[in-house]
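Undergrad: I have a structure here, written as structure tokens, and I will follow up with some questions on it.
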Amino acid sequence: SFSVQRVPCPPHSLEAMEVTVDGAVGVPEGSILSIRMGQVRKQGNIGTKKTMSFATSFADANPFSVDVYAPVASKRLTLVPNSNRYVVDFGKGGEQMQVSLKVCEAGSSGDGEDAKRAASKEVQREKQKADCQSYVEKHRLVHFMQNLMQSVLVERPDDPYAYMEEHLRAAKGYADIPRPTPSGGGGAAPG
């Protein structure tokens, strides 16, 4: 049988809940405790004073369920580099019991295409970074913002936001004025 005791706890957290195993009696050695709180399930070896944390509020903690799983079979295997498929054979006494596993690093499909995808993403990131840098340089944003902040710190206006707004509006007006292009012809300023 399983009993639940109501124990006074600190006020309910709006962000997280914790469940601590205070004791276990009659649970088979090596059993796994599985707790479901709302939509989140956590599992682990049963150990006294072991705490499981859930990113679930008290209001979202139901359904709350507790399961104990006893081991049926156990086997150790050694993971081999450059190999991601394993068959674990638990068969005993003529009975067949196998589990096929695909083991790879998180975010990896283990199919050899990961390096290509990673390289492609890196190329995209570098292009985006270059595009951003070009944009910032084209509009001289770093130079303008540094000057604006320096001006705010020197002038120390009562309302620094109004002061910055005024300077930003003036800069926008300046950007809207047609300026000569580097080739010497007339044209609108970049905007």
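We label chains A, B, ... in the order they appear in the structure tokens, count residues from 1 in each chain, and number ligands from 1 in the order shown.
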DSSP on the backbone: what in segment 1-172 of chain A comes out strand (DSSP E), as a PyMOL selection string?
TA: chain A and resi 17-20+32-37+40-45+51-54+64-69+85-89+98-102
Undergrad: Smallest atom-to-atom distance to Lys50 of chain A: which of A:Pro81, A:Gly23, A:Pro157, A:Gly173, using only C-alpha atoms?
TA: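 Among the listed residues, the smallest separation from Lys50 of chain A belongs to A:Gly23.
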Undergrad: Provide the atom CA of Ser53 of chain A to atom CA of Leu33 of chain A distance in Å, to one decimal place.
TA: 13.7 Å
Undergrad: I'd like the interatomic distance between atom CA of Asp67 of chain A and atom CA of Ser34 of chain A, to a tenth of an Å.
TA: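 Atom CA of Ser34 of chain A lies at a distance of 5.0 Å from atom CA of Asp67 of chain A.
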Undergrad: Please, which residues of segment 3-184 of chain A, numbered as in this document, come out helix (DSSP H, G or I) from DSSP, as a count of residues only?
TA: 60
Undergrad: Please identify all polymer residues within 9 Å of Val68 of chain A, counting only C-alpha atoms, omitting same-chain residues fewer than 5 positions from it, and present them as a list in words.
TA: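 Near Val68 of chain A, the qualifying residues are Val27, Ser31, Ile32, Leu33, Ser34, Ile35 and Ile46 of chain A.
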Undergrad: Pick out the residues sitting within 12 Å of Ala55 of chain A, and hand them over as a compact mmCIF listing (two decimals) with N, CA, C and O atoms, in the first residue's frame; count only C-alpha atoms, and ignore anything fewer than 5 positions along from it in its own chain.
TA:
# COMPACT_ATOMS: atom_id res chain seq x y z
N SER A 13 5.01 28.01 -4.13
CA SER A 13 5.77 28.77 -5.11
C SER A 13 4.95 28.84 -6.39
O SER A 13 4.29 27.88 -6.76
N LEU A 14 4.99 29.95 -7.06
CA LEU A 14 4.26 30.09 -8.31
C LEU A 14 5.03 29.51 -9.46
O LEU A 14 4.51 29.38 -10.55
N GLU A 15 6.30 29.16 -9.24
CA GLU A 15 7.13 28.76 -10.34
C GLU A 15 7.60 27.31 -10.29
O GLU A 15 7.85 26.73 -11.31
N ALA A 16 7.75 26.74 -9.10
CA ALA A 16 8.32 25.40 -9.02
C ALA A 16 7.79 24.65 -7.81
O ALA A 16 7.38 25.24 -6.83
N MET A 17 7.81 23.34 -7.92
CA MET A 17 7.41 22.46 -6.84
C MET A 17 8.54 21.46 -6.63
O MET A 17 9.28 21.14 -7.55
N GLU A 18 8.64 20.95 -5.40
CA GLU A 18 9.63 19.92 -5.09
C GLU A 18 8.96 18.77 -4.38
O GLU A 18 8.04 18.97 -3.59
N VAL A 19 9.41 17.56 -4.67
CA VAL A 19 8.94 16.36 -4.00
C VAL A 19 10.18 15.67 -3.43
O VAL A 19 11.14 15.43 -4.15
N ARG A 36 4.69 11.89 -11.59
CA ARG A 36 4.11 12.79 -12.60
C ARG A 36 3.41 13.91 -11.87
O ARG A 36 2.55 13.68 -11.02
N MET A 37 3.78 15.14 -12.21
CA MET A 37 3.15 16.32 -11.63
C MET A 37 2.68 17.16 -12.81
O MET A 37 3.49 17.74 -13.53
N GLY A 38 1.37 17.20 -13.02
CA GLY A 38 0.84 17.91 -14.18
C GLY A 38 1.29 17.21 -15.45
O GLY A 38 1.10 16.01 -15.61
N GLN A 39 1.94 17.94 -16.32
CA GLN A 39 2.40 17.39 -17.59
C GLN A 39 3.87 16.96 -17.55
O GLN A 39 4.43 16.58 -18.56
N VAL A 40 4.50 16.99 -16.38
CA VAL A 40 5.93 16.68 -16.25
C VAL A 40 6.11 15.38 -15.47
O VAL A 40 5.49 15.19 -14.44
N ARG A 41 6.96 14.50 -15.98
CA ARG A 41 7.27 13.25 -15.30
C ARG A 41 8.77 13.18 -15.07
O ARG A 41 9.56 13.47 -15.95
N LYS A 42 9.15 12.79 -13.84
CA LYS A 42 10.56 12.61 -13.50
C LYS A 42 10.72 11.23 -12.89
O LYS A 42 9.83 10.73 -12.21
N ASP A 60 -0.97 23.87 -11.30
CA ASP A 60 -0.86 22.96 -12.45
C ASP A 60 -0.30 21.59 -12.07
O ASP A 60 0.07 20.82 -12.94
N ALA A 61 -0.23 21.30 -10.77
CA ALA A 61 0.41 20.07 -10.31
C ALA A 61 -0.45 18.82 -10.49
O ALA A 61 0.05 17.71 -10.37
Undergrad: Quick one, how far is atom CA of Pro160 of chain A from atom CA of Asn147 of chain A?
TA: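 Those two atoms sit 13.9 Å apart.
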Undergrad: Between A:Lys172, A:Arg156, A:Lys129, A:Arg117, which has the minimum distance to Phe144 of chain A (counting only C-alpha atoms)?
TA: A:Lys172
